[in-house]
Each structure stands twice: as structure tokens, then as C-alpha cells.
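Below: one structure, written as C-alpha cells.
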Number of protein chains: 2
Amino acid sequence: MADSSSLDALVEALRRLPGVGAKSASRMAFHLLQHDRAGTQMLARALEQAANNVRHCERCNTFTEAAICSVCQDARRDGTKICVVETPADQAALERTGAFRGYYFVLMGKLSPLDGIGPKDIGLAKLFERVLDGIVSEVILATNFTAEGEATAHVIGEALKQRGLTVTRLARGVPAGSELEYVDLGTIAHALVDRR
Amino acid sequence: MADSSSLDALVEALRRLPGVGAKSASRMAFHLLQHDRAGTQMLARALEQAANNVRHCERCNTFTEAAICSVCQDARRDGTKICVVETPADQAALERTGAFRGYYFVLMGKLSPLDGIGPKDIGLAKLFERVLDGIVSEVILATNFTAEGEATAHVIGEALKQRGLTVTRLARGVPAGSELEYVDLGTIAHALVDRR
């Protein structure tokens, strides 16, 4: 951008963020250095801290700073049910509903053969070990309803059924508050098949 | 997001980047910690370095690590011409054309009364001092052709004309390679008025 190797290095580093190209990276660097030096230092420290402190929960695989995360430490939850999600954000969405009081397992990804992401890359071995603790009886698959999320649910489901566990999947159907006219055909077809 | 205050602090800090909201910040933090720890450390160091090392050129106000930037240090340039631009990126665009061999002044912003950005916030005093060095005879206003860029050019132009300098503006007209049918009316009207 200008006459500074530190600035070029910063633009280069910002491009490693997902969804940030050369133009956005330049704009971000300009904004930080021109208008928000305090924010620049703050972001530097936050990155450093997170890179050093954040690790994976030994039980559920989510991000945590302790060996076991607070959800897994909560003894009042129902140990017979485990809900499998793709990311901590998905877990947070489920927690906000207040409708589930079991434990979670966070895959930290999804099967994606096209991107070279196979079972080993998303901690499936750790999941199988976790659910075969003798207490878990039902595994609820709450991966996303995308092609990759469905494939991930299918692979996990097949493997766990062989091991004698009850495997369920979040219901598919028409979203709350929606008008049928504007719902896509695939969703309506699923809602018809899964009617109750 | 999950069970980690470092992670929450990181998401909060990423939101200070322009154009990054809560969802993007979460996604960025997840990506960095799950897939790119090396990038996380690299970005932290780059931010730290840039915040400590990058300052403004004493002559042209652009980002630099020395007291005077390399462009201002280049004695082969034409000292009678100064080109005024909004940002280092604009300066880089002009440099790439190879059509200008004078010096620059980088405002690092534009007048924007609605955002509370007045003449003092964009280094106009420094600009006036620079162009009244007795050598500069022509100031080329190359601020953007937006409402704010035009207003900035107008304010600077009026002030410098009173001080006896020749003030010019980049020509407005039809962009190279475009078909008239698809060019907006305002641009065609300007091109007609400024015909040569």
C-alpha cells in the first residue's frame, strides 16, 4: 500500500481471515492504523491470548480454556443424551432454545470430501469414544441441513447404530412463522413425509 | 461462542474491523483457532509491529516507517507539482499509471460533515504548509469523484487559489473501454461539457 513493510505484512496477515481479499485487507489496515490504534493493540493481544489459551474440551471437543468445559462439568444435565453439532455457534443456538438438557459433542467441522476433510479430521474417533461410555443411550444428530451436514449425520448415524445406540435427527419441516407459499418445495415435501 | 473468555475477547476485538459484524467475527475466530493457529500468531505480531512502527510521512502525510517516505525522498521528481489524494491506495493507483512524476499529499480521509470530519481532521493545515514551500506551483486535486471527494476538492481548491497557486482537478469523462450506451448520464454530460 504505502512505504512500509510493517503495513504490507499486516495486509498480508489480514488476508488469512476467511472472506477477506486484498481490497478488504487494505481497507482494514488503513482503518486500524488511521482511526483505531488502540483497537489494533487490543486485537493483537486478543489474538495472542486466544492462540495461547484456547484448547479443546476433553469430553465434548468444543473450545474451552479448562480441561473440561462448563457444559460438560454441569452434573445436573442428562447424561443419557448427547447432541452432535458442527460448531460451537450451533451449540450456542441449541442452548438458547432451552429445549435440550443433555450433553453435546462438537465436531468442529463436517465431512467434506471435496475439501479433503474426512472422518479423521473432524474427531469422529473421539466422538465414538465419548458416546460409548455406557451411560449415553441416545445420540441426537444436529449437524446442519446442508449436503455436507446431511452426509456427516448419515456417516455418524450408521456407525453408531451398529454399536447399539439410539440415533435420532433434528426434525425437518416448515420453519415457525413462515407462509407455505414462500417455503421451498423440498422443505414442504419433507414436512409432508414427516407429518405427525 | 463457547466456554472461553479469550475467545469472547477475540470475537469482540475482531468486530472493530470495518465491515465485520458479530457473525463474521465468530466465523473468523473459529477459523483462526480451528484451522490456522500459525496465522493467528502471525496476525497478532503483524498488528503489534504495524501499530508500533507505522507513522505519517512528515512531508506528504502517507504511512511510512521513516520520517520521510521514499516517494518524498526521491529527488528526481518534479517539485513544482503536488497531487492531493485521499488515501495511500489512491496514491498507489496513480503511481501505477506512471503518468505523474511529481510529489503527493495524502489527506488520509475526506471532508465528511455528516460523520463530523472537518478540515482539522484531515490534515489540511499540513497540506497548506507543504504546498506553500515556494517551489510548488500546481496542485492537482485527485480526491474521489464522490460527493464527499468533490466537496473536499472544492474546499482545498478555493483555499489554495486565494494563495496564488494553480489548482487543477483530474478530468471527468467516459472511462476507457466503455460503450456510451452503458455509461451513466451524469458522466456523459460532464464529458460533453469538458470535450476537447
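Residue numbering restarts at 1 for every chain of the C-alpha cells, chains are lettered A, B, ... in their displayed order, and ligands are numbered from 1 as they appear.
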
**OP:** Would you mind listing what lies within 10 Å of Leu165 in chain B as a VMD selection string, with only C-alpha atoms counted and same-chain residues fewer than 3 positions away left out?
**Re:** chain B and resid 131 to 132 136 to 139 157 159 to 162 168

Store the residues picked out above, limited to C-alpha atoms, as a PDB file, in the first residue's frame.
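What follows is the written file selection_19.pdb:
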```pdb
ATOM      1  CA  VAL B 131       2.329  23.454  -0.838  1.00  0.00           C
ATOM      2  CA  LEU B 132       3.452  26.935   0.234  1.00  0.00           C
ATOM      3  CA  VAL B 136       5.173  24.048  -5.709  1.00  0.00           C
ATOM      4  CA  SER B 137       3.289  25.898  -8.452  1.00  0.00           C
ATOM      5  CA  GLU B 138       0.495  23.456  -9.362  1.00  0.00           C
ATOM      6  CA  VAL B 139      -1.752  21.412  -7.061  1.00  0.00           C
ATOM      7  CA  GLY B 157      -9.190  24.392  -4.288  1.00  0.00           C
ATOM      8  CA  ALA B 159      -8.265  27.963  -0.226  1.00  0.00           C
ATOM      9  CA  LEU B 160      -5.248  27.393  -2.485  1.00  0.00           C
ATOM     10  CA  LYS B 161      -6.417  29.688  -5.299  1.00  0.00           C
ATOM     11  CA  GLN B 162      -6.541  32.530  -2.756  1.00  0.00           C
ATOM     12  CA  THR B 168      -6.355  21.606 -11.299  1.00  0.00           C
TER      13      THR B 168
END
```

Subject >> DSSP alpha helix (DSSP H) residues within range 61-102 of chain A, listed as a list in words >> reply: Ser70, Val71, Cys72, Gln73, Pro88, Ala89, Asp90, Gln91, Ala92, Ala93, Leu94, Glu95, Arg96 and Thr97 of chain A

**OP:** Define the interface residues of chain B facing chain A as those within 8 Å, counting only C-alpha atoms, and report them as a VMD selection string.
**Re:** chain B and resid 1 to 4 6 to 7 9 to 10 13 to 14 16 to 18 26 to 28 31 to 34 37 39 to 51 53 to 54 62 to 65 69 to 70 88 to 89 92 108

**OP:** Using only C-alpha atoms, find the one residue out of A:Leu124, A:Ile82, A:Val106, A:Ala142 that sits nearest to Leu170 in chain A.
**Re:**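 Of A:Leu124, A:Ile82, A:Val106, A:Ala142, the one nearest Leu170 in chain A is A:Ala142, counting only C-alpha atoms.
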
**OP:** Within 12 Å of Thr152 in chain B, counting only C-alpha atoms, which residues show up once you throw out same-chain ones fewer than 2 positions away? Write them as a ChimeraX atom specification, please.
**Re:** /B:84-86,107-113,117-119,122-124,141-150,154-159,169

Can you write just those residues out, N, CA, C and O atoms, as a short mmCIF file (atom, residue, chain, number, x, y, z; two decimals), in the first residue's frame?
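This is the output file selection04.cif:
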```
data_model
loop_
_atom_site.label_atom_id
_atom_site.label_comp_id
_atom_site.auth_asym_id
_atom_site.auth_seq_id
_atom_site.Cartn_x
_atom_site.Cartn_y
_atom_site.Cartn_z
N VAL B 84 -2.94 15.78 -4.74
CA VAL B 84 -3.61 15.54 -3.46
C VAL B 84 -4.58 14.37 -3.58
O VAL B 84 -5.47 14.41 -4.43
N VAL B 85 -4.37 13.33 -2.78
CA VAL B 85 -5.25 12.16 -2.82
C VAL B 85 -5.82 11.88 -1.43
O VAL B 85 -5.33 12.41 -0.44
N GLU B 86 -6.86 11.03 -1.40
CA GLU B 86 -7.49 10.73 -0.11
C GLU B 86 -6.72 9.70 0.70
O GLU B 86 -6.58 9.83 1.91
N LEU B 107 -4.28 12.94 2.14
CA LEU B 107 -5.14 13.53 3.18
C LEU B 107 -5.44 12.55 4.30
O LEU B 107 -5.72 12.94 5.42
N MET B 108 -5.42 11.24 3.99
CA MET B 108 -5.83 10.21 4.96
C MET B 108 -7.28 10.40 5.38
O MET B 108 -7.63 10.24 6.54
N GLY B 109 -8.11 10.75 4.42
CA GLY B 109 -9.52 10.92 4.71
C GLY B 109 -10.12 11.94 3.76
O GLY B 109 -9.50 12.32 2.78
N LYS B 110 -11.36 12.32 4.04
CA LYS B 110 -12.04 13.33 3.22
C LYS B 110 -12.97 14.09 4.13
O LYS B 110 -13.35 13.59 5.20
N LEU B 111 -13.32 15.31 3.72
CA LEU B 111 -14.29 16.08 4.49
C LEU B 111 -15.60 15.31 4.48
O LEU B 111 -16.04 14.83 3.44
N SER B 112 -16.21 15.18 5.64
CA SER B 112 -17.46 14.45 5.74
C SER B 112 -18.25 15.00 6.92
O SER B 112 -18.24 14.41 8.00
N PRO B 113 -18.92 16.16 6.70
CA PRO B 113 -19.60 16.84 7.81
C PRO B 113 -20.57 15.91 8.54
O PRO B 113 -20.72 16.00 9.76
N ILE B 117 -16.35 14.91 10.28
CA ILE B 117 -14.96 15.03 9.86
C ILE B 117 -14.76 16.36 9.14
O ILE B 117 -15.23 16.55 8.02
N GLY B 118 -14.11 17.30 9.81
CA GLY B 118 -13.89 18.63 9.27
C GLY B 118 -12.46 18.82 8.82
O GLY B 118 -11.66 17.90 8.86
N PRO B 119 -12.11 20.05 8.39
CA PRO B 119 -10.78 20.36 7.87
C PRO B 119 -9.64 19.97 8.81
O PRO B 119 -8.58 19.54 8.36
N ILE B 122 -8.45 16.14 8.66
CA ILE B 122 -7.78 15.54 7.51
C ILE B 122 -6.52 16.32 7.12
O ILE B 122 -6.17 16.40 5.94
N GLY B 123 -5.87 16.89 8.10
CA GLY B 123 -4.54 17.47 7.88
C GLY B 123 -4.46 18.58 6.86
O GLY B 123 -3.46 18.72 6.16
N LEU B 124 -5.51 19.40 6.75
CA LEU B 124 -5.45 20.48 5.76
C LEU B 124 -4.37 21.50 6.10
O LEU B 124 -3.71 22.04 5.21
N LEU B 141 -5.81 18.18 -7.80
CA LEU B 141 -6.73 17.57 -6.83
C LEU B 141 -7.23 16.24 -7.38
O LEU B 141 -7.95 16.20 -8.38
N ALA B 142 -6.84 15.14 -6.74
CA ALA B 142 -7.23 13.81 -7.21
C ALA B 142 -8.02 13.08 -6.14
O ALA B 142 -7.89 11.87 -5.96
N THR B 143 -8.86 13.82 -5.42
CA THR B 143 -9.78 13.16 -4.48
C THR B 143 -10.81 12.41 -5.32
O THR B 143 -10.95 12.65 -6.52
N ASN B 144 -11.54 11.51 -4.67
CA ASN B 144 -12.51 10.69 -5.42
C ASN B 144 -13.65 11.53 -5.99
O ASN B 144 -13.93 12.62 -5.49
N PHE B 145 -14.32 10.97 -7.01
CA PHE B 145 -15.41 11.70 -7.64
C PHE B 145 -16.74 11.34 -6.99
O PHE B 145 -17.73 11.11 -7.65
N THR B 146 -16.72 11.29 -5.67
CA THR B 146 -17.93 11.09 -4.88
C THR B 146 -18.34 12.46 -4.35
O THR B 146 -17.60 13.43 -4.47
N ALA B 147 -19.53 12.52 -3.72
CA ALA B 147 -19.99 13.80 -3.18
C ALA B 147 -18.96 14.35 -2.19
O ALA B 147 -18.59 15.53 -2.24
N GLU B 148 -18.46 13.47 -1.29
CA GLU B 148 -17.52 13.93 -0.27
C GLU B 148 -16.17 14.30 -0.87
O GLU B 148 -15.56 15.29 -0.47
N GLY B 149 -15.72 13.50 -1.85
CA GLY B 149 -14.45 13.80 -2.51
C GLY B 149 -14.51 15.12 -3.26
O GLY B 149 -13.56 15.92 -3.22
N GLU B 150 -15.64 15.38 -3.93
CA GLU B 150 -15.81 16.63 -4.66
C GLU B 150 -15.82 17.82 -3.71
O GLU B 150 -15.20 18.86 -3.97
N HIS B 154 -13.26 20.90 -3.58
CA HIS B 154 -13.73 22.28 -3.67
C HIS B 154 -13.13 23.15 -2.56
O HIS B 154 -12.60 24.23 -2.82
N VAL B 155 -13.21 22.66 -1.33
CA VAL B 155 -12.71 23.42 -0.18
C VAL B 155 -11.21 23.68 -0.32
O VAL B 155 -10.74 24.81 -0.13
N ILE B 156 -10.45 22.64 -0.68
CA ILE B 156 -8.99 22.81 -0.82
C ILE B 156 -8.69 23.76 -1.98
O ILE B 156 -7.85 24.66 -1.87
N GLY B 157 -9.41 23.57 -3.10
CA GLY B 157 -9.19 24.39 -4.29
C GLY B 157 -9.39 25.87 -4.00
O GLY B 157 -8.53 26.70 -4.34
N GLU B 158 -10.50 26.20 -3.34
CA GLU B 158 -10.78 27.60 -3.05
C GLU B 158 -9.68 28.21 -2.18
O GLU B 158 -9.22 29.32 -2.41
N ALA B 159 -9.28 27.45 -1.17
CA ALA B 159 -8.26 27.96 -0.23
C ALA B 159 -6.92 28.19 -0.94
O ALA B 159 -6.24 29.19 -0.68
N ARG B 169 -7.94 19.79 -11.45
CA ARG B 169 -8.68 18.61 -10.98
C ARG B 169 -8.53 17.55 -12.05
O ARG B 169 -8.48 17.88 -13.24
#
```
